[in-house]
$ cat my_file-v9.txt   # compact mmCIF, C-alpha atoms
# COMPACT_ATOMS: atom_id res chain seq x y z
CA MET A 1 104.28 67.27 204.74
CA LYS A 2 107.48 67.61 202.72
CA LEU A 3 107.52 69.47 199.43
CA ARG A 4 107.23 67.43 196.24
CA ILE A 5 109.39 68.35 193.28
CA ILE A 6 107.39 68.95 190.14
CA THR A 7 108.12 67.67 186.66
CA LEU A 8 109.44 70.96 185.45
CA GLY A 9 108.88 70.39 181.76
CA LEU A 10 105.15 70.04 182.43
CA TRP A 11 104.87 73.34 184.31
CA GLY A 12 102.76 75.15 181.74
CA TRP A 13 99.88 72.68 181.39
CA ILE A 14 100.01 71.75 185.08
CA GLN A 15 99.60 75.43 185.95
CA CYS A 16 96.67 75.82 183.59
CA LEU A 17 94.85 72.50 184.03
CA LEU A 18 95.66 71.29 187.51
CA PRO A 19 96.00 74.31 189.79
CA VAL A 20 94.44 72.64 192.84
CA TRP A 21 96.67 69.55 192.62
CA PHE A 22 99.72 71.73 192.04
CA LEU A 23 99.06 73.94 195.05
CA VAL A 24 98.34 71.05 197.40
CA SER A 25 101.50 69.29 196.24
CA PHE A 26 103.63 72.16 197.49
CA ILE A 27 101.93 73.69 200.50
CA THR A 28 101.05 72.12 203.81
CA VAL A 29 97.51 72.13 205.16
CA ASN A 30 98.57 74.58 207.88
CA GLN A 31 99.93 76.95 205.26
CA ILE A 32 96.72 76.79 203.26
CA ASN A 33 94.68 77.61 206.34
CA SER A 34 97.02 80.47 207.16
CA LEU A 35 96.85 81.82 203.60
CA GLN A 36 93.04 81.64 203.61
CA ALA A 37 92.99 83.65 206.83
CA ILE A 38 95.28 86.26 205.27
CA ALA A 39 93.09 86.44 202.17
CA GLN A 40 90.09 87.29 204.31
CA GLN A 41 91.82 90.32 205.81
CA PRO A 42 91.30 93.75 204.21
CA ARG A 43 94.12 94.87 201.96
CA GLN A 44 96.53 97.09 203.85
CA GLU A 45 98.09 100.15 202.23
CA ILE A 46 101.89 99.96 202.08
CA ARG A 47 103.73 103.20 202.86
CA GLY A 48 107.31 102.10 203.06
CA VAL A 49 110.91 103.08 202.63
CA TRP A 50 114.07 101.09 201.99
CA LEU A 51 116.99 101.72 204.35
CA THR A 52 120.04 101.01 202.19
CA SER A 53 123.78 100.81 202.62
CA ASN A 54 123.74 104.52 201.72
CA ASP A 55 121.89 105.05 205.01
CA PHE A 56 124.51 103.39 207.22
CA ASP A 57 125.63 106.71 208.72
CA ILE A 58 122.13 106.95 210.12
CA LEU A 59 121.70 103.26 210.95
CA LYS A 60 124.91 103.13 212.99
CA ASN A 61 123.79 105.97 215.26
CA ARG A 62 121.05 105.20 217.80
CA ALA A 63 119.95 108.81 218.11
CA LYS A 64 119.66 109.17 214.34
CA VAL A 65 117.71 105.92 214.07
CA LYS A 66 115.32 107.12 216.76
CA ASP A 67 114.83 110.41 214.94
CA ALA A 68 114.33 108.67 211.58
CA MET A 69 111.67 106.32 212.94
CA SER A 70 109.95 109.23 214.68
CA GLN A 71 109.90 111.28 211.48
CA LEU A 72 108.50 108.39 209.45
CA ARG A 73 105.78 107.80 212.01
CA ARG A 74 104.91 111.51 212.12
CA LEU A 75 104.53 111.51 208.33
CA ASN A 76 102.26 108.43 208.45
CA PHE A 77 104.63 105.87 206.95
CA ASN A 78 104.03 102.33 208.18
CA THR A 79 106.83 100.04 206.98
CA ILE A 80 110.64 100.02 206.81
CA TYR A 81 112.86 97.67 204.84
CA PRO A 82 116.38 97.74 206.33
CA VAL A 83 119.09 96.07 204.24
CA VAL A 84 120.59 92.90 205.74
CA TRP A 85 122.40 91.32 202.75
CA ASN A 86 124.40 93.52 200.42
CA SER A 87 127.57 93.04 198.33
CA GLY A 88 128.19 89.58 199.78
CA TYR A 89 128.09 90.77 203.41
CA THR A 90 125.53 90.86 206.19
CA SER A 91 124.64 93.96 208.21
CA TYR A 92 124.37 91.87 211.37
CA LYS A 93 126.73 89.43 213.08
CA SER A 94 126.09 86.24 211.18
CA ALA A 95 127.37 82.86 212.33
CA VAL A 96 126.31 81.47 208.94
CA ALA A 97 128.49 84.00 207.07
CA LYS A 98 131.38 83.62 209.50
CA LYS A 99 131.42 79.86 208.97
CA ILE A 100 132.41 80.34 205.32
CA GLY A 101 134.90 83.12 205.98
CA ILE A 102 132.81 86.23 205.41
CA PRO A 103 133.91 88.99 207.84
CA PHE A 104 131.57 91.38 209.63
CA PHE A 105 132.07 95.15 209.52
CA ASP A 106 128.91 96.92 210.56
CA SER A 107 128.53 97.31 214.31
CA GLY A 108 126.89 100.51 215.51
CA SER A 109 128.79 103.51 216.82
CA GLU A 110 128.22 102.25 220.37
CA GLY A 111 128.89 98.63 219.46
CA GLN A 112 125.18 97.92 219.18
CA ASP A 113 123.55 95.44 216.84
CA ILE A 114 122.32 97.73 214.04
CA LEU A 115 119.52 95.45 212.91
CA ALA A 116 118.20 94.81 216.42
CA ASP A 117 118.25 98.54 217.17
CA VAL A 118 116.41 99.63 214.01
CA ILE A 119 113.76 96.93 214.50
CA SER A 120 113.25 97.94 218.12
CA GLN A 121 113.02 101.65 217.27
CA ALA A 122 110.60 100.94 214.41
CA HIS A 123 108.32 98.88 216.63
CA ARG A 124 108.24 101.63 219.25
CA GLN A 125 106.76 103.88 216.57
CA GLY A 126 104.30 101.27 215.33
CA LEU A 127 106.18 100.62 212.09
CA LEU A 128 106.57 97.17 210.58
CA ALA A 129 110.22 96.12 210.12
CA ILE A 130 110.85 93.82 207.17
CA PRO A 131 114.58 93.16 206.60
CA TRP A 132 115.57 93.38 202.95
CA PHE A 133 117.70 90.65 201.39
CA GLU A 134 118.97 93.01 198.73
CA PHE A 135 121.66 91.21 196.76
CA GLY A 136 120.02 87.77 196.62
CA PHE A 137 122.24 85.54 194.45
CA MET A 138 124.43 88.47 193.36
CA ALA A 139 127.84 89.42 194.79
CA PRO A 140 130.90 91.48 193.80
CA PRO A 141 133.70 89.36 192.29
CA THR A 142 136.11 90.74 194.93
CA SER A 143 133.95 89.71 197.90
CA GLU A 144 135.12 86.96 200.24
CA LEU A 145 132.03 85.00 199.26
CA ALA A 146 133.05 84.90 195.60
CA LEU A 147 136.75 84.38 196.33
CA ASN A 148 136.22 81.67 198.98
CA ARG A 149 133.58 79.74 197.06
CA PRO A 150 134.42 79.92 193.33
CA ASN A 151 132.65 76.59 192.80
CA TRP A 152 129.40 78.27 193.91
CA LEU A 153 129.38 80.60 190.90
CA THR A 154 127.52 80.03 187.66
CA GLN A 155 128.71 81.20 184.25
CA LYS A 156 127.76 82.21 180.74
CA ARG A 157 128.16 79.96 177.71
CA ASP A 158 131.56 81.50 176.92
CA GLY A 159 132.79 80.65 180.41
CA SER A 160 132.74 84.20 181.77
CA GLU A 161 131.30 84.73 185.25
CA THR A 162 130.50 88.42 185.53
CA SER A 163 127.81 90.80 184.37
CA ILE A 164 127.27 94.53 184.77
CA SER A 165 124.50 95.64 187.11
CA VAL A 166 123.47 98.88 188.80
CA ALA A 167 125.92 97.81 191.52
CA GLY A 168 128.77 97.52 189.01
CA GLU A 169 130.49 94.30 187.99
CA VAL A 170 129.04 91.27 189.79
CA VAL A 171 129.13 87.49 189.82
CA TRP A 172 126.12 85.25 190.41
CA LEU A 173 125.79 82.41 192.87
CA ASN A 174 124.38 79.34 191.18
CA PRO A 175 120.73 79.22 192.35
CA PHE A 176 120.44 75.59 191.22
CA LEU A 177 123.33 74.35 193.38
CA PRO A 178 122.21 72.70 196.67
CA GLU A 179 125.06 74.27 198.64
CA VAL A 180 124.08 77.76 197.49
CA GLN A 181 120.42 77.14 198.25
CA GLN A 182 121.31 75.92 201.74
CA PHE A 183 123.54 78.94 202.40
CA ILE A 184 120.86 81.42 201.37
CA THR A 185 118.24 79.52 203.37
CA ASN A 186 120.46 79.48 206.45
CA LEU A 187 121.03 83.24 206.22
CA VAL A 188 117.32 83.94 205.92
CA LEU A 189 116.40 81.61 208.78
CA GLU A 190 119.11 83.18 210.92
CA ILE A 191 117.48 86.60 210.47
CA VAL A 192 113.95 85.31 211.00
CA THR A 193 114.93 83.32 214.10
CA GLN A 194 117.27 85.74 215.88
CA TYR A 195 115.41 89.00 215.31
CA ASP A 196 111.89 90.24 216.02
CA VAL A 197 111.14 90.75 212.33
CA ASP A 198 107.73 91.30 210.79
CA GLY A 199 108.83 89.76 207.51
CA ILE A 200 111.67 89.22 205.06
CA GLN A 201 111.95 90.76 201.59
CA PHE A 202 113.61 89.50 198.40
CA ASP A 203 114.06 91.81 195.44
CA ASP A 204 114.94 91.60 191.75
CA HIS A 205 118.29 89.95 192.51
CA MET A 206 116.66 86.79 193.85
CA SER A 207 117.00 85.71 190.26
CA LEU A 208 119.56 84.99 187.55
CA PRO A 209 120.30 86.88 184.31
CA ASN A 210 119.22 84.68 181.44
CA GLN A 211 122.75 84.48 179.98
CA PHE A 212 123.85 82.34 182.95
CA GLY A 213 123.41 78.65 183.76
CA TYR A 214 126.11 77.14 181.57
CA ASP A 215 128.29 75.94 184.46
CA LYS A 216 129.12 72.22 184.68
CA TYR A 217 126.65 71.44 187.45
CA THR A 218 123.65 73.06 185.76
CA VAL A 219 124.50 71.66 182.33
CA ALA A 220 124.73 68.15 183.79
CA LEU A 221 121.45 68.57 185.68
CA TYR A 222 119.62 69.85 182.60
CA THR A 223 121.03 67.04 180.46
CA LYS A 224 120.01 64.44 183.04
CA GLU A 225 116.45 65.72 183.28
CA THR A 226 115.78 66.52 179.61
CA LYS A 227 118.18 64.18 177.78
CA ASN A 228 119.39 67.23 175.84
CA ASN A 229 122.21 69.71 176.14
CA PRO A 230 121.23 73.27 177.06
CA PRO A 231 120.40 75.36 173.98
CA THR A 232 123.11 77.70 172.75
CA ASN A 233 120.44 80.40 172.64
CA PHE A 234 120.05 81.55 176.25
CA GLU A 235 116.63 83.01 175.35
CA ASP A 236 115.28 79.64 174.21
CA GLU A 237 111.76 79.36 175.69
CA ALA A 238 112.15 75.88 177.18
CA TRP A 239 115.60 76.68 178.61
CA VAL A 240 114.24 79.87 180.19
CA ARG A 241 111.28 77.96 181.64
CA TRP A 242 113.43 75.14 183.04
CA ARG A 243 115.71 77.55 184.90
CA ALA A 244 112.85 79.77 186.08
CA ASP A 245 111.01 76.72 187.41
CA LYS A 246 114.08 75.67 189.37
CA ILE A 247 114.21 79.07 191.05
CA THR A 248 110.49 78.81 191.75
CA VAL A 249 110.95 75.45 193.47
CA PHE A 250 113.67 76.97 195.64
CA MET A 251 111.42 79.91 196.57
CA ILE A 252 108.64 77.50 197.54
CA GLN A 253 111.06 75.60 199.77
CA LEU A 254 112.39 78.85 201.25
CA ASN A 255 108.86 80.03 202.02
CA GLU A 256 108.11 76.69 203.67
CA ALA A 257 111.24 76.97 205.84
CA VAL A 258 110.47 80.56 206.87
CA LYS A 259 106.85 79.83 207.71
CA ALA A 260 107.88 76.79 209.74
CA ARG A 261 109.95 79.08 211.97
CA LYS A 262 107.51 82.02 212.12
CA PRO A 263 104.17 81.39 210.39
CA ASN A 264 103.00 85.00 210.57
CA VAL A 265 106.03 86.74 209.03
CA ILE A 266 105.44 88.54 205.75
CA PHE A 267 107.15 86.90 202.77
CA SER A 268 107.70 89.99 200.64
CA VAL A 269 108.99 90.30 197.07
CA SER A 270 110.06 93.48 195.25
CA PRO A 271 110.78 92.57 191.60
CA ASN A 272 110.83 94.36 188.28
CA TYR A 273 107.76 94.29 186.01
CA TYR A 274 106.92 90.75 185.00
CA ASP A 275 108.07 90.53 181.37
CA PHE A 276 111.48 91.91 182.33
CA ALA A 277 111.75 89.80 185.49
CA TYR A 278 110.80 86.52 183.82
CA LYS A 279 112.35 86.78 180.38
CA LEU A 280 115.59 88.52 181.36
CA HIS A 281 116.08 87.33 184.95
CA LEU A 282 114.23 84.00 185.14
CA GLN A 283 112.13 85.36 188.01
CA ASP A 284 108.57 84.05 187.66
CA TRP A 285 107.17 86.16 190.48
CA LEU A 286 103.63 86.08 189.11
CA GLY A 287 103.82 82.30 189.37
CA TRP A 288 104.94 82.73 192.99
CA VAL A 289 101.91 84.92 193.69
CA ARG A 290 99.59 82.37 192.11
CA LEU A 291 101.18 79.66 194.25
CA ASN A 292 100.36 81.72 197.36
CA ILE A 293 103.95 81.95 198.59
CA VAL A 294 104.04 85.77 198.43
CA ASP A 295 102.35 87.80 201.19
CA GLU A 296 103.24 91.25 199.83
CA LEU A 297 104.54 92.56 196.52
CA ILE A 298 106.25 95.84 195.65
CA MET A 299 107.05 96.26 191.97
CA GLN A 300 109.99 98.55 191.27
CA VAL A 301 109.07 101.24 188.75
CA TYR A 302 111.91 103.75 188.58
CA ARG A 303 110.71 106.01 185.77
CA GLN A 304 110.96 109.76 185.30
CA ASP A 305 108.28 109.98 182.64
CA LEU A 306 104.79 109.90 184.19
CA SER A 307 103.11 108.20 181.22
CA SER A 308 105.71 105.41 181.30
CA PHE A 309 105.26 105.11 185.06
CA ILE A 310 101.46 104.86 184.73
CA GLY A 311 101.79 102.30 181.94
CA ASN A 312 103.89 100.07 184.16
CA ILE A 313 101.73 100.29 187.27
CA SER A 314 98.63 99.56 185.17
CA ARG A 315 99.93 96.21 183.94
CA ALA A 316 97.64 93.18 184.17
CA GLU A 317 99.93 91.36 186.60
CA ILE A 318 99.65 94.22 189.09
CA GLN A 319 95.87 94.31 188.78
CA GLU A 320 95.79 90.56 189.41
CA THR A 321 98.18 90.69 192.35
CA GLN A 322 96.51 93.56 194.20
CA LYS A 323 93.26 91.54 194.37
CA ILE A 324 95.09 88.92 196.43
CA ILE A 325 97.78 90.54 198.58
CA PRO A 326 98.97 94.02 199.66
CA THR A 327 100.66 95.47 196.59
CA GLY A 328 102.77 98.57 196.19
CA ILE A 329 105.01 100.37 193.73
CA GLY A 330 108.69 101.11 194.30
CA ILE A 331 109.32 104.80 193.59
CA MET A 332 112.69 106.51 193.19
CA ALA A 333 112.98 109.33 195.73
CA GLY A 334 116.47 110.25 194.55
CA LEU A 335 120.14 109.32 194.53
CA ARG A 336 123.16 111.24 195.75
CA ASN A 337 124.13 112.02 192.20
CA ARG A 338 120.59 112.31 190.83
CA GLN A 339 118.11 114.32 192.82
CA VAL A 340 114.41 113.83 192.14
CA PRO A 341 112.06 116.82 192.43
CA ILE A 342 109.15 116.45 194.81
CA ALA A 343 106.67 117.23 192.01
CA GLN A 344 107.70 114.01 190.23
CA ILE A 345 107.31 112.01 193.45
CA GLN A 346 103.90 113.53 194.17
CA SER A 347 102.54 112.76 190.70
CA GLN A 348 103.72 109.15 190.90
CA VAL A 349 102.38 108.57 194.42
CA ARG A 350 98.99 109.97 193.44
CA ALA A 351 98.89 107.80 190.33
CA ALA A 352 99.54 104.75 192.50
CA GLN A 353 96.99 105.81 195.11
CA GLN A 354 94.33 106.33 192.44
CA ARG A 355 94.78 102.69 191.46
CA GLY A 356 94.57 101.41 195.04
CA LEU A 357 98.30 100.73 195.28
CA GLY A 358 100.71 101.41 198.10
CA VAL A 359 104.21 102.85 197.65
CA THR A 360 107.73 102.28 198.91
CA PHE A 361 110.56 104.75 198.36
CA PHE A 362 114.17 104.15 197.43
CA TYR A 363 115.76 105.24 199.75
CA TYR A 364 115.52 106.90 203.20
CA GLU A 365 118.10 109.70 202.98
CA SER A 366 116.85 110.78 199.57
CA LEU A 367 113.36 111.39 200.96
CA TRP A 368 114.50 114.84 202.10
CA ASP A 369 118.27 115.01 202.64
CA TYR A 370 119.45 114.56 199.02
CA ALA A 371 116.82 116.70 197.34
CA PRO A 372 116.46 119.94 195.37
CA GLU A 373 113.93 121.29 197.91
CA SER A 374 114.38 122.11 201.59
CA VAL A 375 113.81 119.45 204.26
CA SER A 376 110.70 121.25 205.52
CA ASP A 377 109.21 121.50 202.03
CA ARG A 378 109.86 117.83 201.30
CA GLN A 379 108.43 116.67 204.61
CA GLY A 380 105.41 118.90 204.14
CA ALA A 381 104.80 117.33 200.75
CA PHE A 382 104.92 113.80 202.18
CA GLN A 383 102.54 114.89 204.94
CA ALA A 384 100.12 116.05 202.25
CA LEU A 385 100.43 112.73 200.40
CA PHE A 386 99.74 110.77 203.59
CA PRO A 387 97.43 113.04 205.61
CA SER A 388 96.10 110.27 207.85
CA ASP A 389 97.45 107.20 209.57
CA ALA A 390 97.40 103.80 207.81
CA PRO A 391 98.45 101.23 210.43
CA ARG A 392 99.56 97.79 209.29
CA THR A 393 99.46 94.44 211.05
CA LYS A 394 101.08 91.15 210.16

$ encode --input "my_file-v9.txt" --output "structure tokens"
Amino acid sequence: MKLRIITLGLWGWIQCLLPVWFLVSFITVNQINSLQAIAQQPRQEIRGVWLTSNDFDILKNRAKVKDAMSQLRRLNFNTIYPVVWNSGYTSYKSAVAKKIGIPFFDSGSEGQDILADVISQAHRQGLLAIPWFEFGFMAPPTSELALNRPNWLTQKRDGSETSISVAGEVVWLNPFLPEVQQFITNLVLEIVTQYDVDGIQFDDHMSLPNQFGYDKYTVALYTKETKNNPPTNFEDEAWVRWRADKITVFMIQLNEAVKARKPNVIFSVSPNYYDFAYKLHLQDWLGWVRLNIVDELIMQVYRQDLSSFIGNISRAEIQETQKIIPTGIGIMAGLRNRQVPIAQIQSQVRAAQQRGLGVTFFYYESLWDYAPESVSDRQGAFQALFPSDAPRTK
């Protein structure tokens, strides 16, 4: 069954009044059966870590990868999220990227396929390997992707194309453009098809800042569908909803494509808290959960203050989500220029555990290498947080 496109302006009352019709319209019978089977499984505790571009010195070295996976297993972690899409480049040899002129830089020190090696080493230790599609629709303005495909970029109302993110100045691929959607889909399917992955993860950049969407293509599409020009106010409720619904339709189609290739892979999402994600980045991830296209959710909560951290992990959307799928909290373990004391990490992990939530740490090297305490003290603390094994299955 092919996906049906919804009447986006009717999203709100359709979601409230016709949930059964809406779900059946988008998901095949096989998917529904699969999702029901997943729902009957006990919730599995997520104990994960992101392997970022900062970890490439480790990822390029087979011996270091082996040691890292062994350490994680010894400390009762169960999931890794290695980066595969960052700054407009892939961390594997991609025919899809090569076709549009994106070069490849990241072979291992012995010429090995980094992604294949880390997945293999993780599986030997009983860890799930879920590649992380970090940058989503975001890319640096100097990347080959942005330079080779300027017509793929969206813009603000004043015509500017960049915004400032934690990664610096970036441009945004137009998530409403069919060519962009096909490119992203092809990259994801390439990973899912060519590698023995347990899932694929999309984070808070599988979205669009709400100032964007004033490019010619999107303006024409909105005008065609609504008979109005886009509002000058980028926070206009209907304009936000229209763009968010378009991204939701794409995510439904992407989930359908992934599940058609490998039905049992985990479709994972790691967004910001919902109000921020939806209102500021047009990312209606709670809607995705309710549509049963998310198999696992990790909400990023990078807070130093414990009361603020607890407030965020106690939100209603998290309580709703954890009743349906494995749910965890993204915790900052440290940065090279900002070390995080283990006491802060311990208090946050315990707060999550007390609420039945798993955790995933950003990022591997900061677990114990970039830290104010010794490696042995840090590892001992993680051992105390996870004293027993918590195996996961797809």

$ closest_residue --input "my_file-v9.txt" --among "A:Leu208, A:Ala129, A:Gly101, A:Asn54" --to "Gly334 of chain A" --atoms "all atoms listed in the file"
A:Asn54

$ closest_residue --input "my_file-v9.txt" --among "A:Gln44, A:Asn292, A:Gln201, A:Ser347" --to "Pro271 of chain A" --atoms "only C-alpha atoms"
A:Gln201

$ atom_distance --input "my_file-v9.txt" --atom1 "atom CA of Gly48 of chain A" --atom2 "atom CA of Arg74 of chain A"
13.3 Å

$ residues_around --input "my_file-v9.txt" --residues "Tyr217 of chain A" --least-positions-apart "5" --cutoff "12 Å" --atoms "all atoms listed in the file" --output "ChimeraX atom specification"
/A:151-155,174-179,222-224,230

$ closest_residue --input "my_file-v9.txt" --among "A:Trp85, A:Asp215, A:Val65, A:Asn78" --to "Val118 of chain A" --atoms "all atoms listed in the file"
A:Val65

$ closest_residue --input "my_file-v9.txt" --among "A:Phe276, A:Trp368, A:Phe104, A:Tyr89" --to "Gln71 of chain A" --atoms "all atoms listed in the file"
A:Trp368

$ residues_around --input "my_file-v9.txt" --residues "segment 361-367 of chain A" --least-positions-apart "6" --cutoff "6 Å" --atoms "only C-alpha atoms" --output "number ranges by chain"
A: 49-51, 330-334

$ residues_near_point --input "my_file-v9.txt" --point "(108.3, 88.4, 212.9)" --cutoff "8 Å" --atoms "all atoms listed in the file" --output "mmCIF file with C-alpha atoms, keeping the file's coordinate frame"
data_model
loop_
_atom_site.group_PDB
_atom_site.id
_atom_site.type_symbol
_atom_site.label_atom_id
_atom_site.label_comp_id
_atom_site.auth_asym_id
_atom_site.auth_seq_id
_atom_site.Cartn_x
_atom_site.Cartn_y
_atom_site.Cartn_z
ATOM 1 C CA VAL A 192 113.950 85.310 211.000
ATOM 2 C CA TYR A 195 115.410 89.000 215.310
ATOM 3 C CA ASP A 196 111.890 90.240 216.020
ATOM 4 C CA VAL A 197 111.140 90.750 212.330
ATOM 5 C CA ASP A 198 107.730 91.300 210.790
ATOM 6 C CA GLY A 199 108.830 89.760 207.510
ATOM 7 C CA LYS A 262 107.510 82.020 212.120
ATOM 8 C CA ASN A 264 103.000 85.000 210.570
ATOM 9 C CA VAL A 265 106.030 86.740 209.030
ATOM 10 C CA ILE A 266 105.440 88.540 205.750
#

$ closest_residue --input "my_file-v9.txt" --among "A:Asn272, A:Ala139, A:Leu286, A:Gln354" --to "Arg303 of chain A" --atoms "all atoms listed in the file"
A:Asn272

$ atom_distance --input "my_file-v9.txt" --atom1 "atom CA of Ala220 of chain A" --atom2 "atom CA of Ala277 of chain A"
25.3 Å

$ closest_residue --input "my_file-v9.txt" --among "A:Gln344, A:Lys98, A:Val301, A:Asp284" --to "Arg315 of chain A" --atoms "only C-alpha atoms"
A:Val301

$ atom_distance --input "my_file-v9.txt" --atom1 "atom CA of Ala146 of chain A" --atom2 "atom CA of Ser163 of chain A"
13.7 Å

$ residues_around --input "my_file-v9.txt" --residues "Glu317 of chain A" --least-positions-apart "6" --cutoff "10 Å" --atoms "only C-alpha atoms" --output "ChimeraX atom specification"
/A:273-275,285-286,289

$ residues_around --input "my_file-v9.txt" --residues "segment 243-254 of chain A" --least-positions-apart "4" --cutoff "7 Å" --atoms "all atoms listed in the file" --output "ChimeraX atom specification"
/A:8,175-176,185,239,258,282-284,288,293

$ residues_around --input "my_file-v9.txt" --residues "Ser91 of chain A" --least-positions-apart "2" --cutoff "9 Å" --atoms "all atoms listed in the file" --output "PyMOL selection string"
chain A and resi 53+83-86+89+93-94+104-107+113-115

$ closest_atom_pairs --input "my_file-v9.txt" --of "segment 43-63 of chain A" --to "segment 381-386 of chain A" --cutoff "12 Å" --atoms "all atoms listed in the file" --output "CSV"
residue,atom,partner,partner_atom,distance
A:Glu45,CA,A:Phe386,CA,10.8
A:Ile46,CA,A:Phe386,CA,11.1
A:Arg47,CA,A:Phe386,CA,8.6
A:Gly48,CA,A:Phe386,CA,11.5

$ residues_near_point --input "my_file-v9.txt" --point "(131.9, 76.8, 181.1)" --cutoff "7 Å" --atoms "all atoms listed in the file" --output "PyMOL selection string"
chain A and resi 155-159+214-216
